Each structure stands twice: as C-alpha cells, then as structure tokens.
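What follows is a set of notes on a single structure, which appears directly below.
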Amino acid sequence: MDTPKSAHWSDSARLVAYRNALETARNIEQTGCSRAGLEIMMAKGLPLAIRVDKVPLRSAILIKQEAISTGGDAAYSADVAALRGERTDIVLLTSPRSLQALAAKLERQPFGLKRLASAIKSATEGHILSQTLSARGKSLPLGGRTYIMGILNATPDSFSDGGSYFTEKDAIAHAERMLAEGADIIDIGGESTRPGSAPVPAEEERRRVLGIVRHLIANSDAVVSVDTMKPEVADACLEAGAHMINDVSGLAAGPRIASLCASAKAALVVMHMRGTPSDMMLHTEYGDVVKDVIAELSARMELAASAGVPEGSLVADPGFGFSKDAAQNIELLSRLREVSNMGYALLVGLSRKSTIGRITGVQDAKARVPGSLAAMTAAIMKGADIVRVHDVAESAQAAKVADALRY
Ligand code: HH2
C-alpha cells in the first residue's frame with residue numbers, strides 16, 4: 001500500500017494573481033516584505049504571482065536567487081535579511097515564458113525545491129497564457145528557440161531595400177532564398193513604413209502582395225505573414241491563406257483587422273506606434289517610455305482579444321523606431337524584459353534600423369548587419385520570441401547561439 005506523502009511546505013504553492021497588480025501587491029504585503037521591496041517588485045511588472053507559505057529560510061533564499069536568474073523575483077519577509085525566524089511566506093513573481101526555465105532550475109536544487117517545481121507546475125497549468133503561438137493550423141511552441149521572420153518588402157521605397165524585390169518574380173526568389181537560409185516566417189509588405197513615407201492605395205498594396213502570398217501558400221511550408229495596416233489588404237490575403245497579419249498601426253483604425261484574423265484563426269501582430277508613419281516622429285514625448293509603451297500596447301492587445309483573437313494567437317511588438325527616438329529605442333531594448341513580461345509572444349524588429357546607425361555611425365543601412373545582430377541577440381536574451389530581419393542567414397546563426405545561452 002502506498003503511504004500518503006506527508007504535508008510539505010511546497011504543497012501550499014498556489015497561483016494568487018495573474019495580471020492583477022492589486023492582488024500581487026496585497027500578497028507581497030502579507031509576507032511582511034519591506035515597503036521599498038514592495039515597490040521594487042511591483043515596478044518589474046511581472047504578471048504571475050505564486051504564493052508559498054512557511055518556506056524554510058535557506059529554501060526561500062535559493063528560490064529568490066533562481067527566480068532572479070530567470071528574469072523573475074521573489075518577495076519575502078523583511079525578517080529574512082535580518083536572519084530572524086525560521087520560515088517565511090514568499091510570493092514568487094515570474095512570467096509565463098520564464099516559468100519553464102525557473103521550474104527546470106528549481107528541479108536541480110536541494111531543500112525541497114524539486115518538489116516545489118512540480119507543485120508550481122500543477123498550480124499554474126491551464127491558468128496562464130498559452131505557450132504556443134497558433135497561426136491558422138501552424139503551431140509555434142514558445143520559450144524554446146527563436147523564430148526568424150524574413151522581411152520581404154515588395155515596395156519601391158523601403159528604407160534599406162526598397163526596389164530590390166519589386167517584381168513578383170524577384171520577390172518570390174528572395175522569399176525562397178530566405179526560407180533556404182532558415183526563415184520560419186516570411187513577412188510580406190506592400191507599403192513602406194519608414195518615417196515620412198507616402199501611403200499607398202489599398203488596391204495597389206493588394207496587387208503588390210497577393211500573388212506572393214498565393215505562391216508561398218501553395219509552394220512552401222512557411223508561416224506567411226502580411227505587413228499591412230489596411231483591413232481590405234488583410235482580408236484578401238487571409239482569403240488567400242495567409243497565417244498572420246502584422247499590423248504596425250496596432251489596430252489604430254479599430255478592431256476590424258482583429259475580427260478578420262479571429263474568423264480566419266490567424267495570428268495577429270499588434271505593434272506599438274503613435275500616429276502614422278508620416279507623422280509618428282512628432283509623437284515622441286513619453287514619461288517613462290517603457291511603461292507608456294506597455295500601457296498603450298496593452299490597451300490594443302485587449303482590443304484585439306475582445307474582437308475574438310485568442311491570446312495564444314496574439315503577438316506583441318514594442319515598435320522599435322516607430323514614434324521613438326534613438327535614446328528611447330535603446331531604453332526599450334535594454335528593458336525589453338518588461339515588455340516580454342506582458343506574457344504575449346514577443347516580436348522585435350531592429351534589423352538595419354537608424355538607431356543601429358546612430359550608435360555605430362554607419363550610414364549605409366545594408367552595412368549595419370553586425371550591429372543588427374548584436375541588438376537582436378540582446379533582444380533574444382531579454383525574451384524576444386520572433387525576430388524580424390533582413391539578413392536571414394546571419395541572423396539564424398546568431399539566434400542559434402543566443403538560444404543556447406538564453407538562461
Ligand atoms: N519595422 C518595419 C516594418 N514593419 N513590423 C513589425 N511588427 N515590427 C517592426 O519593427 C517593423 C515592422 C520597418 O522596417 P522595413 O520593413 O525594413 O522598412 P519599410 O517599412 O521602409 O518597408
């Protein structure tokens with residue numbers, strides 16, 4: 001006969017808050033954490049709060065250490081620092097994406113942490129965002145490797161490669177080259193979004209991209225994404241089988257694109273931008289750029305969700321270079337973990353952008369590959385799931401190395 005396992009402190013592990021700052025703060029306060037500690041924890045914006053009661057001090061200290069090493073943290077009683085008492089309640093703060101890495105680390109530790117890892121798994125299962133991005137029958141498991149989104153600009157005027165792939169034949173050949181070099185997703189755009197660029201009528205934009213979408217759907221396994229802000233273009237491309245819509249306006253014109261994605265079960269990238277590409281650089285006033293971007297992006301993610309796109313089909317993008325100056329882009333990149341802690345799949349586009357030019361002094365956008373790889377690697381280390389790049393072979397190689405080092 002099996003003897004029942006005796007009660008262990010780790011059995012009390014429970015999810016006490018998910019994207020609920022008030023509940024998180026309330027639970028942290030109850031541990032007896034100092035006021036300063038509470039403020040530091042809350043500023044991290046970590047969406048998952050797991051409470052564990054009466055944890056022996058040596059275990060609590062190890063838990064905090066492992067949580068920090070995976071991008072999270074743990075709050076406990078101020079008595080711990082003073083080495084008073086034997087046990088403390090803790091609130092473990094983490095994100096859906098970091099949870100797996102944290103559980104893997106706890107599993108290798110003594111003092112009851114292995115048991116805590118399985119208690120956390122059962123406490124969170126089914127309660128948090130899906131860890132797989134679903135794009136119309138395509139499944140991209142998150143948290144393992146980074147996905148490469150190759151840029152296909154079927155435009156005459158994109159900032160770094162405008163005119164290079166303007167005929168359908170050249171565009172398709174370029175897409176095939178990127179797939180051979182390791183792209184998982186091809187992002188087809190028929191309208192440049194560089195600062196000050198002129199809008200393209202929907203009919204012309206649709207003409208530029210539709211043939212390429214049809215070709216890739218019929219002849220490749222790629223996830224096909226369409227970079228458009230126009231519902232008419234999104235509609236035609238979804239009709240042709242596109243798996244993903246990349247809306248750089250972040251649903252600025254309302255939820256129509258989200259409803260179209262919801263009906264097609266396609267994924268939707270919601271990017272942060274203020275204004276339009278022609279006037280976005282007039283809207284660069286922020287209090288705290290990272291907090292403001294997260295707040296504005298969250299509102300649009302919620303709009304997409306209320307139009308019916310499941311959270312597991314939503315991708316967030318902070319929009320590097322869109323209504324942000326170089327200093328703001330650098331701040332956003334260095335604190336990207338805060339954006340990834342929103343819990344959605346995270347896409348970043350830094351490839352060849354002007355901030356790389358500003359940092360390095362390299363004027364020619366095509367010569368910014370090394371700088372782009374450095375920025376991309378930093379983004380991966382801070383939680384990016386998908387990287388949007390021009391130079392696929394180089395990026396795929398760098399991403400593999402970054403993935404191997406991720407935690
Ligand atoms: N950047 C560009 C275009 N689309 N989409 C997402 N989600 N994120 C980005 O950062 C992003 C984007 C700008 O780059 P590019 O496509 O090379 O240039 P252009 O807009 O001039 O075509």
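FYI, nothing fancy with the structure tokens labels: chains A, B, ... in order, residues from 1 per chain, ligands from 1 as they appear.
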Give me the chain A side of the contact with ligand 1, cut-off 8 Å, one line per residue showing its nearest atom pair and distance in Å at one decimal, counting only C-alpha atoms and all ligand atoms, sorted by chain and residue number, as JSON lines.
```
{"residue": "A:Ile151", "atom": "CA", "partner": "ligand 1", "partner_atom_place_in_ligand_line": "16 (O)", "distance": 6.3}
{"residue": "A:Leu152", "atom": "CA", "partner": "ligand 1", "partner_atom_place_in_ligand_line": "16 (O)", "distance": 7.5}
{"residue": "A:Asn153", "atom": "CA", "partner": "ligand 1", "partner_atom_place_in_ligand_line": "22 (O)", "distance": 5.6}
{"residue": "A:Thr155", "atom": "CA", "partner": "ligand 1", "partner_atom_place_in_ligand_line": "22 (O)", "distance": 6.9}
{"residue": "A:Asp157", "atom": "CA", "partner": "ligand 1", "partner_atom_place_in_ligand_line": "21 (O)", "distance": 6.6}
{"residue": "A:Ser158", "atom": "CA", "partner": "ligand 1", "partner_atom_place_in_ligand_line": "21 (O)", "distance": 3.3}
{"residue": "A:Phe159", "atom": "CA", "partner": "ligand 1", "partner_atom_place_in_ligand_line": "21 (O)", "distance": 4.1}
{"residue": "A:Ser160", "atom": "CA", "partner": "ligand 1", "partner_atom_place_in_ligand_line": "17 (O)", "distance": 6.1}
{"residue": "A:Asp161", "atom": "CA", "partner": "ligand 1", "partner_atom_place_in_ligand_line": "17 (O)", "distance": 7.1}
{"residue": "A:Gly162", "atom": "CA", "partner": "ligand 1", "partner_atom_place_in_ligand_line": "22 (O)", "distance": 7.0}
{"residue": "A:Gly189", "atom": "CA", "partner": "ligand 1", "partner_atom_place_in_ligand_line": "22 (O)", "distance": 6.7}
{"residue": "A:Gly190", "atom": "CA", "partner": "ligand 1", "partner_atom_place_in_ligand_line": "22 (O)", "distance": 7.8}
{"residue": "A:Glu191", "atom": "CA", "partner": "ligand 1", "partner_atom_place_in_ligand_line": "22 (O)", "distance": 6.3}
{"residue": "A:Ser192", "atom": "CA", "partner": "ligand 1", "partner_atom_place_in_ligand_line": "22 (O)", "distance": 3.7}
{"residue": "A:Thr193", "atom": "CA", "partner": "ligand 1", "partner_atom_place_in_ligand_line": "20 (O)", "distance": 3.5}
{"residue": "A:Arg194", "atom": "CA", "partner": "ligand 1", "partner_atom_place_in_ligand_line": "21 (O)", "distance": 4.0}
{"residue": "A:Pro195", "atom": "CA", "partner": "ligand 1", "partner_atom_place_in_ligand_line": "21 (O)", "distance": 7.9}
{"residue": "A:Ser197", "atom": "CA", "partner": "ligand 1", "partner_atom_place_in_ligand_line": "21 (O)", "distance": 7.7}
{"residue": "A:Asp227", "atom": "CA", "partner": "ligand 1", "partner_atom_place_in_ligand_line": "4 (N)", "distance": 6.3}
{"residue": "A:Asn246", "atom": "CA", "partner": "ligand 1", "partner_atom_place_in_ligand_line": "7 (N)", "distance": 5.6}
{"residue": "A:Asp247", "atom": "CA", "partner": "ligand 1", "partner_atom_place_in_ligand_line": "7 (N)", "distance": 6.7}
{"residue": "A:Val248", "atom": "CA", "partner": "ligand 1", "partner_atom_place_in_ligand_line": "5 (N)", "distance": 5.4}
{"residue": "A:Val269", "atom": "CA", "partner": "ligand 1", "partner_atom_place_in_ligand_line": "7 (N)", "distance": 6.2}
{"residue": "A:Val270", "atom": "CA", "partner": "ligand 1", "partner_atom_place_in_ligand_line": "7 (N)", "distance": 7.1}
{"residue": "A:Met271", "atom": "CA", "partner": "ligand 1", "partner_atom_place_in_ligand_line": "7 (N)", "distance": 5.5}
{"residue": "A:Asp317", "atom": "CA", "partner": "ligand 1", "partner_atom_place_in_ligand_line": "7 (N)", "distance": 5.8}
{"residue": "A:Pro318", "atom": "CA", "partner": "ligand 1", "partner_atom_place_in_ligand_line": "10 (O)", "distance": 7.7}
{"residue": "A:Gly319", "atom": "CA", "partner": "ligand 1", "partner_atom_place_in_ligand_line": "10 (O)", "distance": 4.9}
{"residue": "A:Phe320", "atom": "CA", "partner": "ligand 1", "partner_atom_place_in_ligand_line": "10 (O)", "distance": 5.2}
{"residue": "A:Gly321", "atom": "CA", "partner": "ligand 1", "partner_atom_place_in_ligand_line": "10 (O)", "distance": 7.1}
{"residue": "A:Phe322", "atom": "CA", "partner": "ligand 1", "partner_atom_place_in_ligand_line": "10 (O)", "distance": 7.6}
{"residue": "A:Leu347", "atom": "CA", "partner": "ligand 1", "partner_atom_place_in_ligand_line": "7 (N)", "distance": 6.6}
{"residue": "A:Val348", "atom": "CA", "partner": "ligand 1", "partner_atom_place_in_ligand_line": "10 (O)", "distance": 5.7}
{"residue": "A:Gly349", "atom": "CA", "partner": "ligand 1", "partner_atom_place_in_ligand_line": "10 (O)", "distance": 3.4}
{"residue": "A:Leu350", "atom": "CA", "partner": "ligand 1", "partner_atom_place_in_ligand_line": "10 (O)", "distance": 6.0}
{"residue": "A:Ser351", "atom": "CA", "partner": "ligand 1", "partner_atom_place_in_ligand_line": "17 (O)", "distance": 7.2}
{"residue": "A:Arg352", "atom": "CA", "partner": "ligand 1", "partner_atom_place_in_ligand_line": "17 (O)", "distance": 7.5}
{"residue": "A:Lys353", "atom": "CA", "partner": "ligand 1", "partner_atom_place_in_ligand_line": "14 (O)", "distance": 7.3}
{"residue": "A:Arg388", "atom": "CA", "partner": "ligand 1", "partner_atom_place_in_ligand_line": "8 (N)", "distance": 6.7}
{"residue": "A:Val389", "atom": "CA", "partner": "ligand 1", "partner_atom_place_in_ligand_line": "17 (O)", "distance": 7.9}
{"residue": "A:His390", "atom": "CA", "partner": "ligand 1", "partner_atom_place_in_ligand_line": "17 (O)", "distance": 7.0}
```
Once you have the residues from the selection above, write them out as a compact mmCIF listing (two decimals), in the first residue's frame, restricted to N, CA and C atoms.
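Output contents, as saved in result15.txt:
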```
# COMPACT_ATOMS: atom_id res chain seq x y z
N ILE A 151 12.14 39.46 -43.87
CA ILE A 151 11.40 40.62 -44.40
C ILE A 151 11.38 40.58 -45.92
N LEU A 152 10.18 40.68 -46.48
CA LEU A 152 10.06 40.75 -47.94
C LEU A 152 9.33 42.04 -48.29
N ASN A 153 10.10 43.04 -48.66
CA ASN A 153 9.49 44.33 -48.99
C ASN A 153 9.21 44.42 -50.49
N THR A 155 8.16 46.65 -52.29
CA THR A 155 7.93 48.10 -52.34
C THR A 155 9.05 48.75 -53.14
N ASP A 157 10.20 51.71 -52.20
CA ASP A 157 10.77 52.79 -51.37
C ASP A 157 11.07 52.41 -49.93
N SER A 158 11.21 51.10 -49.60
CA SER A 158 11.54 50.76 -48.21
C SER A 158 12.92 51.29 -47.86
N PHE A 159 13.16 51.53 -46.55
CA PHE A 159 14.34 52.31 -46.19
C PHE A 159 15.66 51.64 -46.52
N SER A 160 15.72 50.29 -46.49
CA SER A 160 17.05 49.71 -46.73
C SER A 160 17.10 48.85 -47.99
N ASP A 161 15.95 48.39 -48.48
CA ASP A 161 16.00 47.51 -49.65
C ASP A 161 14.90 47.82 -50.65
N GLY A 162 14.33 49.05 -50.57
CA GLY A 162 13.25 49.43 -51.48
C GLY A 162 13.67 49.22 -52.93
N GLY A 189 5.40 42.80 -47.23
CA GLY A 189 4.85 44.15 -47.10
C GLY A 189 4.78 44.85 -48.45
N GLY A 190 3.67 45.55 -48.68
CA GLY A 190 3.50 46.26 -49.94
C GLY A 190 3.44 47.76 -49.74
N GLU A 191 3.78 48.22 -48.51
CA GLU A 191 3.78 49.66 -48.25
C GLU A 191 4.91 49.95 -47.27
N SER A 192 5.78 50.89 -47.63
CA SER A 192 6.87 51.24 -46.71
C SER A 192 6.30 51.99 -45.51
N THR A 193 6.94 51.77 -44.36
CA THR A 193 6.51 52.49 -43.15
C THR A 193 7.64 53.36 -42.62
N ARG A 194 8.66 53.60 -43.48
CA ARG A 194 9.78 54.41 -42.98
C ARG A 194 9.25 55.81 -42.67
N PRO A 195 9.93 56.53 -41.75
CA PRO A 195 9.42 57.85 -41.34
C PRO A 195 9.18 58.75 -42.56
N SER A 197 7.15 58.24 -45.03
CA SER A 197 6.80 57.57 -46.30
C SER A 197 5.36 57.89 -46.72
N ASP A 227 2.37 42.26 -43.81
CA ASP A 227 2.61 43.51 -43.08
C ASP A 227 1.69 44.58 -43.67
N ASN A 246 0.47 41.35 -39.73
CA ASN A 246 1.39 42.17 -38.94
C ASN A 246 0.93 43.62 -39.11
N ASP A 247 0.22 44.13 -38.10
CA ASP A 247 -0.36 45.46 -38.21
C ASP A 247 0.50 46.47 -37.44
N VAL A 248 1.31 47.24 -38.17
CA VAL A 248 2.22 48.17 -37.48
C VAL A 248 1.46 49.34 -36.85
N VAL A 269 -0.08 40.29 -35.19
CA VAL A 269 0.98 41.06 -34.53
C VAL A 269 0.44 42.47 -34.30
N VAL A 270 0.44 42.88 -33.05
CA VAL A 270 -0.01 44.24 -32.71
C VAL A 270 1.23 45.04 -32.34
N MET A 271 1.59 46.01 -33.17
CA MET A 271 2.80 46.78 -32.91
C MET A 271 2.45 48.14 -32.32
N ASP A 317 4.52 43.70 -30.11
CA ASP A 317 5.77 44.26 -30.66
C ASP A 317 5.88 45.71 -30.20
N PRO A 318 6.97 46.08 -29.49
CA PRO A 318 7.08 47.45 -28.98
C PRO A 318 7.34 48.49 -30.07
N GLY A 319 7.61 48.06 -31.31
CA GLY A 319 7.73 49.01 -32.42
C GLY A 319 8.99 49.87 -32.38
N PHE A 320 10.15 49.22 -32.46
CA PHE A 320 11.41 49.98 -32.46
C PHE A 320 11.43 50.93 -33.65
N GLY A 321 11.75 52.20 -33.37
CA GLY A 321 11.87 53.19 -34.44
C GLY A 321 10.56 53.86 -34.81
N PHE A 322 9.46 53.37 -34.28
CA PHE A 322 8.16 53.96 -34.61
C PHE A 322 7.74 54.90 -33.48
N LEU A 347 7.56 39.93 -30.55
CA LEU A 347 8.29 40.11 -31.80
C LEU A 347 9.09 41.40 -31.72
N VAL A 348 10.31 41.39 -32.24
CA VAL A 348 11.05 42.66 -32.32
C VAL A 348 11.63 42.83 -33.71
N GLY A 349 11.65 44.09 -34.16
CA GLY A 349 12.24 44.44 -35.44
C GLY A 349 13.29 45.51 -35.21
N LEU A 350 14.55 45.12 -35.28
CA LEU A 350 15.64 46.08 -35.07
C LEU A 350 16.54 46.13 -36.30
N SER A 351 16.33 45.21 -37.23
CA SER A 351 17.24 44.99 -38.34
C SER A 351 17.52 46.26 -39.14
N ARG A 352 18.80 46.61 -39.23
CA ARG A 352 19.31 47.73 -40.03
C ARG A 352 18.73 49.09 -39.65
N LYS A 353 18.04 49.19 -38.52
CA LYS A 353 17.31 50.44 -38.23
C LYS A 353 18.24 51.59 -37.88
N ARG A 388 12.38 39.98 -36.53
CA ARG A 388 12.07 40.36 -37.91
C ARG A 388 13.35 40.92 -38.52
N VAL A 389 13.88 40.21 -39.53
CA VAL A 389 15.22 40.55 -40.03
C VAL A 389 15.31 40.56 -41.55
N HIS A 390 16.27 41.37 -42.05
CA HIS A 390 16.57 41.36 -43.49
C HIS A 390 17.59 40.27 -43.82
```
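Within 9 Å of region 238-244 of chain A, once only C-alpha atoms are used and residues closer than 2 positions along the same chain are dropped, the contacting residues are Ala135, Arg136, Gly137, Lys138, Asp187, Leu210, Val213, Arg214, Ile217, Val223, Val224, Ser225, Val226, Asp227, Val233, Ala234, Asp235, Ala236, Asn246, Leu260, Cys261, Ala264, Lys265, Ala266, Ala267, Leu268, Val269 and Ser313 of chain A.
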Task: Top pick for closest residue to Thr276 (chain A), considering A:Val293, A:Leu251, A:Arg300, A:Ala154 and counting only C-alpha atoms - done: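 Of the candidates, the smallest distance to Thr276 (chain A) is held by A:Leu251.
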Task: Within 10 Å of Thr377 (chain A) using only C-alpha atoms, minus same-chain residues under 3 positions, as an MDAnalysis selection string - done: chainID A and resid 371:374 380:382 384 387 395 398:403 406
Task: Atomic distance CA of Glu39 (chain A) - CA of Lys54 (chain A), expressed in Å with one decimal - done: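 CA of Glu39 (chain A) sits 22.8 Å away from CA of Lys54 (chain A).
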TODO: Work out how far CA of Ser298 (chain A) is from CA of Gly254 (chain A), in Å to one decimal.
DONE: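 CA of Ser298 (chain A) lies at a distance of 14.5 Å from CA of Gly254 (chain A).
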TODO: Pick out the residues sitting within 9 Å of region 72-88 of chain A, and hand them over as an MDAnalysis selection string; count only C-alpha atoms, and ignore anything fewer than 2 positions along from it in its own chain.
DONE: chainID A and resid 28:34 37:38 41 44 46 52:58 60:61 63:70 90:95 98:99 102
Would you export the selected residues with N, CA, C and O atoms as a compact mmCIF listing (two decimals), in the first residue's frame, please?
```txt
# COMPACT_ATOMS: atom_id res chain seq x y z
N ILE A 28 2.14 40.38 -1.59
CA ILE A 28 3.52 40.72 -1.21
C ILE A 28 3.52 41.36 0.18
O ILE A 28 4.33 41.01 1.05
N GLU A 29 2.57 42.29 0.40
CA GLU A 29 2.49 42.95 1.72
C GLU A 29 2.32 41.93 2.83
O GLU A 29 2.93 42.04 3.89
N GLN A 30 1.49 40.92 2.56
CA GLN A 30 1.21 39.91 3.59
C GLN A 30 2.44 39.09 3.99
O GLN A 30 2.46 38.49 5.05
N THR A 31 3.46 39.06 3.13
CA THR A 31 4.66 38.31 3.52
C THR A 31 5.49 39.07 4.55
O THR A 31 6.43 38.52 5.12
N GLY A 32 5.18 40.38 4.72
CA GLY A 32 5.99 41.19 5.62
C GLY A 32 7.19 41.80 4.92
O GLY A 32 8.17 42.22 5.54
N CYS A 33 7.11 41.85 3.58
CA CYS A 33 8.17 42.47 2.77
C CYS A 33 8.23 43.97 3.09
O CYS A 33 7.22 44.59 3.41
N SER A 34 9.42 44.56 3.01
CA SER A 34 9.53 45.99 3.30
C SER A 34 8.83 46.81 2.22
O SER A 34 8.59 46.33 1.11
N GLY A 37 10.99 47.13 -0.78
CA GLY A 37 11.00 45.87 -1.51
C GLY A 37 9.74 45.74 -2.36
O GLY A 37 9.80 45.35 -3.53
N LEU A 38 8.60 46.10 -1.77
CA LEU A 38 7.33 46.02 -2.49
C LEU A 38 7.38 46.88 -3.75
O LEU A 38 6.97 46.46 -4.83
N MET A 41 9.57 45.30 -6.43
CA MET A 41 8.89 44.14 -7.05
C MET A 41 7.80 44.59 -8.01
O MET A 41 7.69 44.08 -9.12
N LYS A 44 8.64 45.82 -11.54
CA LYS A 44 9.06 44.85 -12.55
C LYS A 44 7.90 44.40 -13.45
O LYS A 44 8.12 43.77 -14.48
N LEU A 46 5.84 41.98 -13.28
CA LEU A 46 5.75 40.54 -13.57
C LEU A 46 4.31 40.06 -13.40
O LEU A 46 3.69 40.33 -12.38
N VAL A 52 3.75 30.85 -1.70
CA VAL A 52 4.12 29.62 -0.99
C VAL A 52 4.29 30.00 0.48
O VAL A 52 4.95 31.00 0.79
N ASP A 53 3.69 29.22 1.38
CA ASP A 53 3.71 29.59 2.80
C ASP A 53 4.76 28.79 3.58
O ASP A 53 5.08 27.65 3.22
N LYS A 54 5.25 29.43 4.63
CA LYS A 54 6.12 28.77 5.62
C LYS A 54 7.31 28.04 4.99
O LYS A 54 7.55 26.85 5.24
N VAL A 55 8.03 28.80 4.19
CA VAL A 55 9.18 28.23 3.49
C VAL A 55 10.42 28.36 4.40
O VAL A 55 10.68 29.46 4.92
N PRO A 56 11.19 27.30 4.61
CA PRO A 56 12.42 27.43 5.41
C PRO A 56 13.34 28.48 4.78
O PRO A 56 13.40 28.58 3.54
N LEU A 57 14.05 29.23 5.62
CA LEU A 57 14.82 30.38 5.09
C LEU A 57 15.81 29.99 4.01
O LEU A 57 15.92 30.68 2.99
N ARG A 58 16.55 28.89 4.21
CA ARG A 58 17.57 28.57 3.19
C ARG A 58 16.91 28.26 1.85
O ARG A 58 17.45 28.58 0.79
N ALA A 60 14.02 29.60 0.87
CA ALA A 60 13.49 30.88 0.36
C ALA A 60 14.59 31.66 -0.36
O ALA A 60 14.37 32.24 -1.43
N ILE A 61 15.79 31.66 0.23
CA ILE A 61 16.89 32.42 -0.37
C ILE A 61 17.28 31.82 -1.73
O ILE A 61 17.48 32.54 -2.71
N ILE A 63 15.29 30.10 -3.68
CA ILE A 63 14.18 30.35 -4.62
C ILE A 63 14.34 31.75 -5.22
O ILE A 63 14.21 31.95 -6.43
N LYS A 64 14.64 32.73 -4.38
CA LYS A 64 14.77 34.10 -4.87
C LYS A 64 15.92 34.18 -5.88
O LYS A 64 15.79 34.79 -6.95
N GLN A 65 17.01 33.50 -5.55
CA GLN A 65 18.17 33.52 -6.44
C GLN A 65 17.83 32.94 -7.81
O GLN A 65 18.15 33.51 -8.85
N GLU A 66 17.13 31.80 -7.82
CA GLU A 66 16.77 31.17 -9.09
C GLU A 66 15.73 31.99 -9.84
O GLU A 66 15.76 32.09 -11.06
N ALA A 67 14.82 32.62 -9.08
CA ALA A 67 13.80 33.46 -9.75
C ALA A 67 14.50 34.62 -10.45
O ALA A 67 14.22 34.90 -11.63
N ILE A 68 15.43 35.27 -9.78
CA ILE A 68 16.12 36.42 -10.39
C ILE A 68 16.92 35.97 -11.62
O ILE A 68 16.91 36.65 -12.65
N SER A 69 17.53 34.79 -11.53
CA SER A 69 18.35 34.34 -12.65
C SER A 69 17.52 34.01 -13.89
O SER A 69 18.04 33.87 -14.98
N THR A 70 16.20 33.89 -13.74
CA THR A 70 15.36 33.63 -14.91
C THR A 70 14.45 34.82 -15.21
O THR A 70 13.42 34.68 -15.87
N ILE A 90 6.41 33.33 0.97
CA ILE A 90 7.02 34.04 -0.16
C ILE A 90 6.00 34.24 -1.29
O ILE A 90 5.04 33.47 -1.41
N VAL A 91 6.23 35.28 -2.09
CA VAL A 91 5.47 35.46 -3.32
C VAL A 91 6.50 35.42 -4.45
O VAL A 91 7.39 36.27 -4.53
N LEU A 92 6.36 34.39 -5.25
CA LEU A 92 7.27 34.18 -6.36
C LEU A 92 6.69 34.92 -7.56
O LEU A 92 5.54 34.70 -7.93
N LEU A 93 7.49 35.81 -8.15
CA LEU A 93 7.00 36.58 -9.29
C LEU A 93 7.72 36.13 -10.56
O LEU A 93 8.94 36.05 -10.58
N THR A 94 6.95 35.85 -11.58
CA THR A 94 7.57 35.40 -12.82
C THR A 94 6.64 35.69 -13.99
O THR A 94 5.60 36.34 -13.82
N SER A 95 7.04 35.26 -15.18
CA SER A 95 6.18 35.44 -16.35
C SER A 95 5.91 34.06 -16.95
O SER A 95 6.66 33.12 -16.67
N SER A 98 9.05 32.68 -18.53
CA SER A 98 10.19 32.33 -17.67
C SER A 98 9.88 31.15 -16.75
O SER A 98 10.79 30.59 -16.15
N LEU A 99 8.60 30.83 -16.67
CA LEU A 99 8.19 29.81 -15.71
C LEU A 99 8.87 28.45 -15.95
O LEU A 99 9.34 27.81 -15.02
N LEU A 102 12.44 28.54 -14.91
CA LEU A 102 12.52 28.57 -13.45
C LEU A 102 12.28 27.16 -12.89
O LEU A 102 13.04 26.67 -12.04
```
TODO: Measuring atom to atom with only C-alpha atoms, identify which of A:Leu303, A:Ala218, A:Ala171, A:Ala119 is nearest to Ile257 (chain A).
DONE: A:Leu303
- [ ] Check the smallest atom-to-atom distance from each of A:Ile212, A:Ser118, A:Lys291, A:Ser139 to Asp170 (chain A) using only C-alpha atoms, then report the winner.
- [x]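 So, comparing all the options, the nearest one is A:Ile212.
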Task: Residue nearest Ser10 (chain A) among A:Val362, A:Leu140, A:Ala49, A:Leu106 (counting only C-alpha atoms) - done: A:Leu106
Task: Residue with smallest distance to Ala327 (chain A) - pool A:Ala103, A:Ala367, A:Ala396, A:Ile356, counting only C-alpha atoms - done: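 Of the candidates, the smallest distance to Ala327 (chain A) is held by A:Ile356.
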Open item on the list: I'd like to know which of A:His283, A:Ser134, A:Gly383, A:Pro231 is closest to Glu203 (chain A), using only C-alpha atoms.
Closed with: A:Pro231
- [ ] Take CA of Ile294 (chain A) and CA of Met342 (chain A) and report the distance between them in Å, one decimal.
- [x] 7.8 Å
